[in-house]
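Q: Below you'll find query.cif; it's mmCIF, C-alpha atoms.
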data_target
loop_
_atom_site.label_atom_id
_atom_site.label_comp_id
_atom_site.auth_asym_id
_atom_site.auth_seq_id
_atom_site.Cartn_x
_atom_site.Cartn_y
_atom_site.Cartn_z
CA MET U 17 15.02 -9.24 -2.69
CA LYS U 18 18.02 -7.67 -1.02
CA ARG U 19 18.11 -6.33 2.52
CA LEU U 20 19.13 -2.65 2.59
CA ASN U 21 19.18 -1.94 6.32
CA LYS U 22 19.95 -4.35 9.13
CA GLU U 23 18.02 -2.34 11.68
CA ASN U 24 14.29 -1.84 11.23
CA ILE U 25 13.48 1.64 12.53
CA ASN U 26 9.89 1.58 11.27
CA CYS U 27 7.36 1.99 14.06
CA PRO U 28 4.06 3.83 14.62
CA LYS U 29 5.82 6.69 16.44
CA LEU U 30 8.25 7.28 13.56
CA SER U 31 5.34 7.28 11.10
CA ASN U 32 3.49 9.82 13.20
CA ASP U 33 6.60 12.00 13.52
CA ILE U 34 7.06 11.96 9.72
CA PHE U 35 3.36 12.68 9.22
CA ASN U 36 3.59 15.69 11.55
CA ASP U 37 7.06 17.06 10.80
CA ARG U 38 7.69 16.26 7.12
CA TRP U 39 4.11 16.45 5.85
CA GLY U 40 2.53 18.90 8.30
CA LYS U 41 -0.39 16.45 8.76
CA GLU U 42 -1.35 17.03 5.12
CA LEU U 43 -2.31 14.53 2.46
CA GLN U 44 0.43 13.85 -0.05
CA TYR U 45 -0.49 14.68 -3.66
CA ILE U 46 3.10 14.91 -4.95
CA ASP U 47 2.98 11.32 -6.27
CA TRP U 48 -0.45 11.64 -7.89
CA ASN U 49 0.77 9.66 -10.91
CA ARG U 50 1.45 6.70 -8.59
CA PHE U 51 -1.98 6.96 -6.99
CA GLU U 52 -3.66 6.97 -10.41
CA LEU U 53 -1.68 3.88 -11.40
CA LEU U 54 -2.63 2.09 -8.18
CA ALA U 55 -6.32 2.81 -8.87
CA LYS U 56 -6.13 2.02 -12.61
CA LYS U 57 -7.99 -1.31 -12.39
CA TYR U 58 -10.51 -0.24 -9.75
CA ASN U 59 -14.12 -0.20 -10.96
CA GLY U 60 -16.02 0.13 -7.71
CA GLY U 61 -16.64 -2.11 -4.74
CA LYS U 62 -14.92 -2.56 -1.39
CA LEU U 63 -11.35 -1.20 -1.31
CA ILE U 64 -8.75 -1.19 1.46
CA ASP U 65 -5.57 0.88 1.35
CA ILE U 66 -3.10 -0.95 3.62
CA GLY U 67 -0.50 1.37 5.11
CA VAL U 68 -2.56 4.36 4.03
CA PHE U 69 -0.35 6.90 5.86
CA ASN U 70 -1.17 10.24 4.14
CA SER U 71 -2.39 8.92 0.79
CA PRO U 72 -5.35 10.83 -0.68
CA LEU U 73 -6.31 7.86 -2.89
CA ILE U 74 -9.42 6.67 -1.04
CA ILE U 75 -10.68 10.21 -0.51
CA GLU U 76 -10.43 10.97 -4.23
CA LEU U 77 -11.92 7.61 -5.24
CA LYS U 78 -14.87 8.19 -2.91
CA LYS U 79 -15.80 11.23 -5.03
CA ALA U 80 -16.06 9.08 -8.16
CA PHE U 81 -17.45 5.92 -6.52
CA ASN U 82 -19.73 7.29 -3.82
CA GLY U 83 -21.59 4.01 -3.24
CA SER U 84 -18.42 2.01 -2.60
CA GLU U 85 -16.78 1.13 0.72
CA PHE U 86 -13.32 2.60 1.36
CA VAL U 87 -11.07 1.68 4.28
CA GLY U 88 -7.66 3.12 5.12
CA LEU U 89 -5.60 0.96 7.46
CA ASP U 90 -2.49 2.21 9.23
CA TYR U 91 -0.61 1.10 12.33
CA SER U 92 -0.14 4.62 13.69
CA GLU U 93 -3.23 5.42 15.74
CA PRO U 94 -2.61 9.21 15.89
CA ILE U 95 -2.52 9.32 12.07
CA VAL U 96 -5.73 7.29 11.86
CA VAL U 97 -7.48 9.55 14.39
CA GLU U 98 -6.40 12.73 12.56
CA LEU U 99 -7.39 11.45 9.11
CA GLN U 100 -10.76 10.15 10.34
CA ARG U 101 -11.51 13.50 11.96
CA ARG U 102 -10.70 15.37 8.76
CA HIS U 103 -12.20 12.86 6.29
CA PRO U 104 -15.27 11.20 7.82
CA GLU U 105 -16.52 10.19 4.35
CA VAL U 106 -14.12 7.22 4.40
CA ARG U 107 -13.32 4.78 7.20
CA TYR U 108 -9.89 4.77 8.83
CA ILE U 109 -8.83 2.01 11.20
CA THR U 110 -5.74 1.22 13.22
CA GLY U 111 -4.26 -2.13 12.35
CA ASP U 112 -1.30 -4.12 11.14
CA ALA U 113 -0.63 -5.45 7.64
CA ARG U 114 0.22 -8.80 9.23
CA GLY U 115 -3.26 -9.22 10.74
CA ILE U 116 -5.94 -7.27 8.88
CA PRO U 117 -9.15 -7.18 10.95
CA PHE U 118 -11.53 -8.32 8.19
CA GLU U 119 -12.83 -11.72 7.19
CA ASP U 120 -11.52 -13.70 4.23
CA GLY U 121 -12.54 -12.32 0.85
CA HIS U 122 -14.08 -9.09 2.20
CA PHE U 123 -12.49 -6.70 -0.33
CA ASP U 124 -12.72 -6.36 -4.10
CA TYR U 125 -9.52 -4.31 -4.35
CA VAL U 126 -6.48 -4.03 -2.10
CA VAL U 127 -3.84 -1.29 -2.35
CA MET U 128 -0.35 -1.52 -0.87
CA GLY U 129 1.37 1.66 -2.04
CA GLU U 130 5.01 2.14 -1.06
CA LEU U 131 4.62 -0.29 1.84
CA ILE U 132 6.42 -3.59 1.27
CA GLU U 133 9.89 -2.01 1.32
CA HIS U 134 9.21 -1.00 4.96
CA LEU U 135 8.08 -4.41 6.19
CA GLU U 136 10.20 -7.04 7.91
CA ASP U 137 8.34 -9.80 6.05
CA PRO U 138 6.78 -8.54 2.78
CA ALA U 139 5.63 -12.05 1.78
CA LYS U 140 3.60 -12.41 4.99
CA ALA U 141 1.90 -9.03 4.44
CA ILE U 142 1.05 -9.91 0.83
CA LYS U 143 -0.37 -13.26 1.96
CA GLU U 144 -2.57 -11.43 4.48
CA ALA U 145 -3.67 -8.90 1.85
CA MET U 146 -4.64 -11.77 -0.44
CA ARG U 147 -6.58 -13.39 2.39
CA VAL U 148 -8.93 -10.41 2.68
CA LEU U 149 -9.22 -10.11 -1.13
CA ARG U 150 -12.07 -11.97 -2.81
CA GLU U 151 -11.36 -14.45 -5.59
CA GLY U 152 -11.07 -12.48 -8.82
CA GLY U 153 -10.28 -9.28 -6.89
CA THR U 154 -7.16 -7.22 -7.55
CA LEU U 155 -4.14 -6.37 -5.44
CA ALA U 156 -2.30 -3.22 -6.59
CA LEU U 157 1.07 -2.43 -5.10
CA SER U 158 3.94 -0.07 -5.73
CA THR U 159 7.52 -0.05 -4.48
CA PRO U 160 10.80 1.53 -5.53
CA LYS U 161 12.58 -0.33 -8.34
CA ASP U 162 15.94 -1.89 -7.50
CA GLU U 163 16.75 0.61 -4.78
CA GLU U 164 20.09 -1.09 -4.26
CA THR U 165 21.17 0.19 -7.71
CA GLN U 166 19.30 3.53 -7.64
CA GLY U 167 20.62 4.35 -4.20
CA LEU U 168 18.85 4.30 -0.85
CA ILE U 169 15.77 6.52 -1.04
CA SER U 170 14.88 6.42 2.64
CA LYS U 171 16.56 5.08 5.76
CA GLU U 172 13.21 3.48 6.63
CA HIS U 173 13.40 1.12 3.62
CA LEU U 174 14.46 -2.42 4.49
CA TRP U 175 14.32 -4.09 1.07
CA SER U 176 15.30 -3.53 -2.53
CA PHE U 177 13.20 -5.31 -5.16
CA LYS U 178 13.95 -6.37 -8.70
CA GLU U 179 11.11 -7.29 -11.06
CA GLU U 180 11.74 -11.00 -10.48
CA ASP U 181 11.29 -10.47 -6.72
CA ILE U 182 7.86 -8.90 -7.25
CA LYS U 183 6.87 -11.79 -9.53
CA ASP U 184 7.99 -14.31 -6.92
CA LEU U 185 5.97 -12.57 -4.19
CA LEU U 186 2.77 -12.42 -6.27
CA LYS U 187 2.90 -15.61 -8.38
CA PRO U 188 1.38 -17.88 -5.68
CA TYR U 189 -1.87 -15.88 -5.94
CA GLY U 190 -2.27 -15.12 -9.64
CA GLU U 191 -0.45 -13.90 -12.72
CA PRO U 192 1.25 -10.58 -11.85
CA GLU U 193 1.29 -7.66 -14.26
CA ILE U 194 4.30 -5.44 -13.53
CA SER U 195 5.36 -2.15 -15.07
CA THR U 196 7.63 0.72 -14.12
CA TYR U 197 7.03 4.43 -13.81
CA LYS U 198 9.15 7.35 -12.73
CA ASP U 199 8.38 10.17 -10.33
CA THR U 200 11.50 11.36 -8.59
CA VAL U 201 12.76 7.73 -8.68
CA GLU U 202 11.90 4.65 -10.70
CA CYS U 203 9.23 2.45 -9.16
CA PHE U 204 7.30 -0.70 -9.88
CA VAL U 205 3.56 -0.85 -9.97
CA ALA U 206 2.14 -4.36 -9.94
CA TYR U 207 -1.35 -5.81 -10.20
CA CYS U 208 -2.36 -9.33 -9.31
CA GLN U 209 -5.85 -10.65 -9.80
CA LYS U 210 -6.47 -13.34 -7.18
CA ARG U 211 -7.01 -16.59 -8.98
CA CYS U 212 -10.16 -18.53 -8.31
CA GLU U 213 -9.56 -21.87 -6.68
#
Show how you would write the structure in this file as structure tokens.
A:
Amino acid sequence: MKRLNKENINCPKLSNDIFNDRWGKELQYIDWNRFELLAKKYNGGKLIDIGVFNSPLIIELKKAFNGSEFVGLDYSEPIVVELQRRHPEVRYITGDARGIPFEDGHFDYVVMGELIEHLEDPAKAIKEAMRVLREGGTLALSTPKDEETQGLISKEHLWSFKEEDIKDLLKPYGEPEISTYKDTVECFVAYCQKRCE
């Protein structure tokens, strides 16, 4: 794991500004391939999308798994309020990846799409995600691949990850399955089934 930026400019206000100015408050379907990969191992049950931002994943999954519980968590309250108003069929909450407001083992499936590269302490966020994941449940995450070599994708990204870094982050919780895909850049998608203790 290599630090890309010394200064962490990520904050709820910046997220909201990007949501409004870059995305026009719209859901982002450009990376649909990534969303499909993140949902690949989902078969129903309670799912949380941590750092949901403007992902349409839980809205689309709700159509196929109507009886399941879907939660989108983001630390920008204005984004959460706007998405909840427009998509009342799923639950949006304001919260932080470092302290998810659910009890241990609540979720069957946890998604962290394009999030860990923005976080000061990715290992702490993954530990918290695993806390709210039930034993045998699956964590699915995506992040740019070796951004240090590919070139900086976004000034908001703090970290560049190699495959070994992703393995090291996930190995304490289960055996990670990691692959790559390409949209506009190469990215990792990783799955980790939480081992039963």
Q: Quick one: residues within 9 Å of range 190-193 of chain U, only C-alpha atoms, excluding same-chain residues fewer than 5 positions away - as an NGL selection string?
A: :U and (182-183 or 205-212)
Q: Smallest atom-to-atom distance to Pro138 in chain U: which of U:Leu174, U:Ala55, U:Val106, U:Ile75, using only C-alpha atoms?
A: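 Of all the options, U:Leu174 lies closest to Pro138 in chain U.
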Q: Step by step, gather every atom of range 89-108 of chain U that the file lists, find the box along x, y and z that holds them, add 3 Å on each side, and finally give centre and edge lengths in Å to one decimal, as lines of an AutoDock Vina configuration file.
A:
center_x = -8.3
center_y = 8.2
center_z = 10.1
size_x = 22.4
size_y = 20.4
size_z = 17.5
Q: Considering all atoms listed in the file, tabulate each residue of range 64-133 of chain U that lies at most 9 Å from range 22-40 of chain U along with its nearest interatomic pair and the corresponding distance in Å to one decimal; arrange the rows by chain and ascending residue number and present them as JSON lines.
A:
{"residue": "U:Phe69", "atom": "CA", "partner": "U:Phe35", "partner_atom": "CA", "distance": 7.6}
{"residue": "U:Asn70", "atom": "CA", "partner": "U:Phe35", "partner_atom": "CA", "distance": 7.2}
{"residue": "U:Asp90", "atom": "CA", "partner": "U:Pro28", "partner_atom": "CA", "distance": 8.6}
{"residue": "U:Tyr91", "atom": "CA", "partner": "U:Pro28", "partner_atom": "CA", "distance": 5.9}
{"residue": "U:Ser92", "atom": "CA", "partner": "U:Pro28", "partner_atom": "CA", "distance": 4.4}
{"residue": "U:Glu93", "atom": "CA", "partner": "U:Pro28", "partner_atom": "CA", "distance": 7.5}
{"residue": "U:Pro94", "atom": "CA", "partner": "U:Asn32", "partner_atom": "CA", "distance": 6.7}
{"residue": "U:Ile95", "atom": "CA", "partner": "U:Asn32", "partner_atom": "CA", "distance": 6.1}
Q: Within 12 Å of Lys57 in chain U, counting all atoms listed in the file, which residues qualify if same-chain residues fewer than 3 places away don't, as a PDB file with C-alpha atoms, in the coordinates of the input?
A:
ATOM      1  CA  PHE U  51      -1.980   6.960  -6.990  1.00  0.00           C
ATOM      2  CA  GLU U  52      -3.660   6.970 -10.410  1.00  0.00           C
ATOM      3  CA  LEU U  53      -1.680   3.880 -11.400  1.00  0.00           C
ATOM      4  CA  LEU U  54      -2.630   2.090  -8.180  1.00  0.00           C
ATOM      5  CA  GLY U  60     -16.020   0.130  -7.710  1.00  0.00           C
ATOM      6  CA  GLY U  61     -16.640  -2.110  -4.740  1.00  0.00           C
ATOM      7  CA  LEU U  63     -11.350  -1.200  -1.310  1.00  0.00           C
ATOM      8  CA  ASP U 124     -12.720  -6.360  -4.100  1.00  0.00           C
ATOM      9  CA  TYR U 125      -9.520  -4.310  -4.350  1.00  0.00           C
ATOM     10  CA  VAL U 126      -6.480  -4.030  -2.100  1.00  0.00           C
ATOM     11  CA  VAL U 127      -3.840  -1.290  -2.350  1.00  0.00           C
ATOM     12  CA  GLY U 153     -10.280  -9.280  -6.890  1.00  0.00           C
ATOM     13  CA  THR U 154      -7.160  -7.220  -7.550  1.00  0.00           C
ATOM     14  CA  LEU U 155      -4.140  -6.370  -5.440  1.00  0.00           C
ATOM     15  CA  ALA U 156      -2.300  -3.220  -6.590  1.00  0.00           C
ATOM     16  CA  LEU U 157       1.070  -2.430  -5.100  1.00  0.00           C
ATOM     17  CA  GLU U 193       1.290  -7.660 -14.260  1.00  0.00           C
ATOM     18  CA  VAL U 205       3.560  -0.850  -9.970  1.00  0.00           C
ATOM     19  CA  ALA U 206       2.140  -4.360  -9.940  1.00  0.00           C
ATOM     20  CA  TYR U 207      -1.350  -5.810 -10.200  1.00  0.00           C
ATOM     21  CA  CYS U 208      -2.360  -9.330  -9.310  1.00  0.00           C
ATOM     22  CA  GLN U 209      -5.850 -10.650  -9.800  1.00  0.00           C
TER      23      GLN U 209
END
Q: Decode the PyMOL selection byres ((chain U and resi 87) around 6) for the given file into explicit residues and return them as a list in words.
A: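 Checked against the file, the PyMOL selection byres ((chain U and resi 87) around 6) matches Ile64, Phe86, Gly88, Arg107 and Tyr108 of chain U.
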Q: Nearest to Leu149 in chain U among U:Gly121, U:Gly167, U:Gly67, U:Gly129, with distances taken over all atoms listed in the file: which residue is it?
A: U:Gly121
Q: For the provided coordinates, the residues matched by the PyMOL selection byres ((chain U and resi 132) around 10) should be stated as a ChimeraX atom specification.
A: /U:67,113,128-131,133-142,157-160,173-177
Q: When you draw a straight line from CA of Pro72 in chain U to CA of His103 in chain U, how long is it in Å?
A: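 Computed distance, CA of Pro72 in chain U to CA of His103 in chain U, equals 10.0 Å.
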Q: Mind giving me the straight-line distance from CA of Gln100 in chain U to CA of Lys171 in chain U in Å, one decimal?
A: 28.2 Å
Q: Smallest atom-to-atom distance to Lys198 in chain U: which of U:Leu168, U:Asn59, U:Trp48, U:Asp184, using only C-alpha atoms?
A: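 Using only C-alpha atoms, the shortest distance to Lys198 in chain U belongs to U:Trp48.
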Q: Tell me which of U:Arg147, U:Phe81, U:Glu179, U:Glu163 sits closest to Phe204 in chain U, counting only C-alpha atoms.
A: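 Smallest distance to Phe204 in chain U is found for U:Glu179.
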Q: Give the answer as one residue: which of U:Arg101, U:Lys178, U:Lys187, U:Lys41 has the shortest atom-to-atom distance to Lys161 in chain U, using all atoms listed in the file?
A: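 Checking each candidate against Lys161 in chain U, we get U:Lys178 as the closest.
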